[in-house]
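Dumped run30.cif below, it's mmCIF, C-alpha atoms:
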data_upload
loop_
_atom_site.label_atom_id
_atom_site.label_comp_id
_atom_site.auth_asym_id
_atom_site.auth_seq_id
_atom_site.Cartn_x
_atom_site.Cartn_y
_atom_site.Cartn_z
CA MET A 171 58.30 30.98 -32.58
CA ALA A 172 60.28 27.87 -33.57
CA ASN A 173 62.97 28.78 -31.03
CA ARG A 174 60.33 29.00 -28.27
CA THR A 175 58.95 25.56 -29.16
CA LYS A 176 62.47 24.12 -29.04
CA GLN A 177 63.00 25.60 -25.56
CA ILE A 178 59.75 24.09 -24.30
CA MET A 179 60.74 20.68 -25.67
CA LEU A 180 64.11 20.92 -23.91
CA LEU A 181 62.39 21.80 -20.64
CA ASP A 182 60.01 18.86 -21.03
CA ARG A 183 62.95 16.46 -21.51
CA SER A 184 64.50 17.57 -18.23
CA LYS A 185 61.70 15.77 -16.38
CA ILE A 186 60.59 12.18 -16.29
CA GLY A 187 56.91 12.33 -15.48
CA LYS A 188 56.67 14.68 -12.52
CA ILE A 189 60.21 14.01 -11.24
CA PRO A 190 63.20 16.09 -12.32
CA ARG A 191 65.69 13.98 -14.28
CA GLU A 192 68.51 14.34 -11.72
CA ASP A 193 66.23 13.10 -8.90
CA TYR A 194 64.76 10.18 -10.84
CA TYR A 195 67.23 7.51 -9.72
CA ALA A 196 66.91 8.45 -6.04
CA GLU A 197 63.12 8.33 -6.33
CA ARG A 198 63.26 5.02 -8.20
CA GLN A 199 65.45 3.46 -5.51
CA LYS A 200 62.74 4.16 -2.95
CA ARG A 201 60.40 1.98 -4.99
CA TRP A 202 62.63 -0.98 -5.85
CA VAL A 203 60.75 -4.23 -6.20
CA TRP A 204 62.55 -6.03 -3.37
CA VAL A 205 61.87 -7.08 0.17
CA PHE A 206 63.91 -4.94 2.56
CA PRO A 207 63.54 -6.54 5.98
CA LYS A 208 64.17 -3.97 8.67
CA ILE A 209 65.89 -5.84 11.48
CA ASP A 210 66.35 -3.53 14.42
CA LYS A 211 65.80 -3.75 18.14
CA HIS A 212 62.51 -1.84 18.07
CA SER A 213 60.66 -3.97 15.51
CA THR A 214 62.16 -7.37 16.33
CA LEU A 215 62.75 -7.05 20.08
CA ASN A 216 59.49 -8.72 21.00
CA GLN A 217 58.45 -11.99 19.45
CA ILE A 218 56.58 -11.53 16.16
CA VAL A 219 53.05 -12.71 16.88
CA ASP A 220 51.06 -10.92 14.21
CA LEU A 221 51.05 -11.12 10.42
CA ASP A 222 50.85 -7.32 10.30
CA ILE A 223 54.14 -7.00 12.20
CA PHE A 224 55.77 -9.61 9.94
CA CYS A 225 54.68 -7.73 6.80
CA ALA A 226 55.83 -4.42 8.34
CA ILE A 227 59.29 -5.94 8.81
CA LEU A 228 59.35 -7.19 5.20
CA PHE A 229 58.17 -3.90 3.65
CA PRO A 230 59.22 -1.12 6.05
CA HIS A 231 59.07 1.57 3.32
CA SER A 232 55.53 1.01 2.05
CA ILE A 233 52.31 0.64 4.00
CA LYS A 234 50.42 -0.32 0.82
CA LYS A 235 52.82 -3.18 0.10
CA GLN A 236 52.46 -4.35 3.70
CA GLY A 237 48.71 -4.61 3.18
CA VAL A 238 49.06 -6.36 -0.16
CA ALA A 239 51.57 -8.87 1.24
CA ARG A 240 49.24 -9.61 4.17
CA ALA A 241 46.31 -10.11 1.77
CA ILE A 242 48.33 -12.42 -0.52
CA ILE A 243 49.47 -14.56 2.40
CA GLN A 244 45.97 -14.75 3.89
CA ILE A 245 44.42 -15.69 0.54
CA LEU A 246 46.95 -18.46 -0.11
CA VAL A 247 46.40 -19.83 3.41
CA GLU A 248 42.61 -19.74 3.07
CA GLU A 249 42.60 -21.34 -0.38
CA LYS A 250 45.09 -24.06 0.66
CA ARG A 251 46.21 -24.43 -2.96
CA PRO A 252 48.54 -22.66 -5.39
CA LEU A 253 47.02 -19.73 -7.30
CA TYR A 254 47.91 -17.88 -10.48
CA LEU A 255 48.64 -14.15 -10.31
CA MET A 256 45.37 -13.34 -12.09
CA ASP A 257 43.38 -15.22 -9.43
CA LEU A 258 45.37 -13.49 -6.68
CA HIS A 259 44.72 -10.13 -8.33
CA HIS A 260 40.95 -10.62 -8.27
CA LYS A 261 40.90 -11.88 -4.68
CA VAL A 262 43.19 -9.10 -3.40
CA ALA A 263 41.08 -6.49 -5.23
CA GLU A 264 38.00 -7.78 -3.37
CA ARG A 265 39.72 -7.17 -0.02
CA ILE A 266 41.68 -3.95 -0.49
CA LYS A 267 41.80 -1.16 -3.03
CA VAL A 268 45.23 -1.24 -4.65
CA SER A 269 46.65 -0.56 -8.10
CA ALA A 270 47.70 -3.40 -10.37
CA GLN A 271 51.28 -2.05 -10.35
CA THR A 272 51.54 -2.15 -6.54
CA LEU A 273 50.12 -5.66 -6.50
CA SER A 274 52.55 -6.77 -9.19
CA ASP A 275 55.54 -5.15 -7.46
CA THR A 276 54.67 -6.75 -4.12
CA TYR A 277 54.09 -10.15 -5.74
CA LYS A 278 57.45 -9.96 -7.55
CA ALA A 279 59.25 -8.90 -4.37
CA MET A 280 57.76 -11.80 -2.45
CA LEU A 281 58.72 -14.20 -5.23
CA ARG A 282 62.31 -12.92 -5.43
CA SER A 283 62.75 -13.07 -1.67
CA GLY A 284 61.63 -16.69 -1.55
CA LEU A 285 58.48 -16.10 0.47
CA LEU A 286 56.42 -17.30 -2.50
CA GLU A 287 57.55 -19.98 -4.89
CA LYS A 288 56.60 -21.53 -8.16
CA LYS A 289 58.41 -24.27 -9.98
CA TYR A 290 58.17 -22.97 -13.52
CA ARG A 291 57.17 -19.71 -15.16
CA ASN A 292 53.61 -20.75 -16.03
CA GLU A 293 52.95 -22.58 -12.77
CA PRO A 294 50.69 -21.27 -10.01
CA THR A 295 52.27 -19.64 -6.97
CA LYS A 296 52.27 -21.06 -3.45
CA LEU A 297 53.71 -20.10 -0.08
CA SER A 298 57.26 -21.35 0.40
CA VAL A 299 57.90 -23.93 3.06
CA GLN A 300 61.66 -23.37 2.64
CA PHE A 301 61.62 -19.64 3.51
CA ALA A 302 62.28 -20.16 7.23
CA ASN A 303 65.07 -22.65 6.52
CA ARG A 304 66.76 -20.15 4.19
CA LEU A 305 66.58 -17.45 6.85
CA ARG A 306 68.06 -19.83 9.44
CA ASP A 307 70.91 -20.67 7.05
CA LEU A 308 71.54 -16.96 6.52
CA ALA A 309 71.57 -16.31 10.26
CA SER A 310 73.86 -19.29 10.84
CA TYR A 311 76.30 -18.00 8.20
CA TRP A 312 76.33 -14.57 9.84
CA ASP A 313 76.97 -16.07 13.28
CA ASN A 314 79.83 -18.18 11.91
CA TYR A 315 81.29 -15.21 10.02
CA LEU A 316 81.30 -13.03 13.13
CA ALA A 317 82.80 -15.85 15.20
CA ALA A 318 85.55 -16.39 12.61
CA LYS A 319 86.40 -12.69 12.64
CA LYS A 320 86.29 -12.70 16.46
CA MET A 321 83.58 -10.06 16.59
CA ASN A 322 81.47 -11.75 19.29
#

Would you mind writing the structure in this file as structure tokens?
Amino acid sequence: MANRTKQIMLLDRSKIGKIPREDYYAERQKRWVWVFPKIDKHSTLNQIVDLDIFCAILFPHSIKKQGVARAIIQILVEEKRPLYLMDLHHKVAERIKVSAQTLSDTYKAMLRSGLLEKKYRNEPTKLSVQFANRLRDLASYWDNYLAAKKMN
């Protein structure tokens, strides 16, 4: 009987939640808390005229995060003032049904990418006015790099 219990415990340790241990890292990578802009000719060929398209480019792997990002941006634009995460959470929950973890992951990804900014840890969050300038600098670097390597 003790041997059977030990075997069951060993089988339970081979899984993390519902995911087998060897597949955990691959599954976790699908859910990283980052913005992965998908820049390809199909999504960025036409001019981006809609906030939905912009959010789809930022979060190509998650439709839920696209909706949360759109809601966060719309709320910050409507309020016209910085908001704390708790206030954002309540306002987003009024608009769409989403888990606290998805909201937190999307918020953190937007903060890390520079789309949202806050000066200090306990400060409220606002939309970044520098985001576009940072993207232009990145694009300029890439153009200069390719020109220097004679790839154009």

Checklist entry - Expanded to explicit residues, what is the PyMOL selection byres ((chain A and resi 280) around 12) for this file, as a PyMOL selection string? => result chain A and resi 203-207+225+228-229+235-236+238-240+242-243+273-279+281-288+295-298+301

Checklist entry - Between CA of Val262 in chain A and CA of Gly237 in chain A, what is the spacing in Å? => result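 Separation between CA of Gly237 in chain A and CA of Val262 in chain A: 9.7 Å.
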
Next on the checklist: Using Å and a single decimal, report how far CA of Val247 in chain A sits from CA of Lys261 in chain A.
Outcome noted: 12.6 Å

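From CA of His260 in chain A back to CA of His231 in chain A, the distance works out to 24.7 Å.
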
Item to check | For Arg265 in chain A, the nearest of the candidates A:Ser310, A:Arg251, A:Gln244, A:Ile227, counting all atoms listed in the file | outcome: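 Comparing A:Ser310, A:Arg251, A:Gln244, A:Ile227 against Arg265 in chain A, the winner is A:Gln244.
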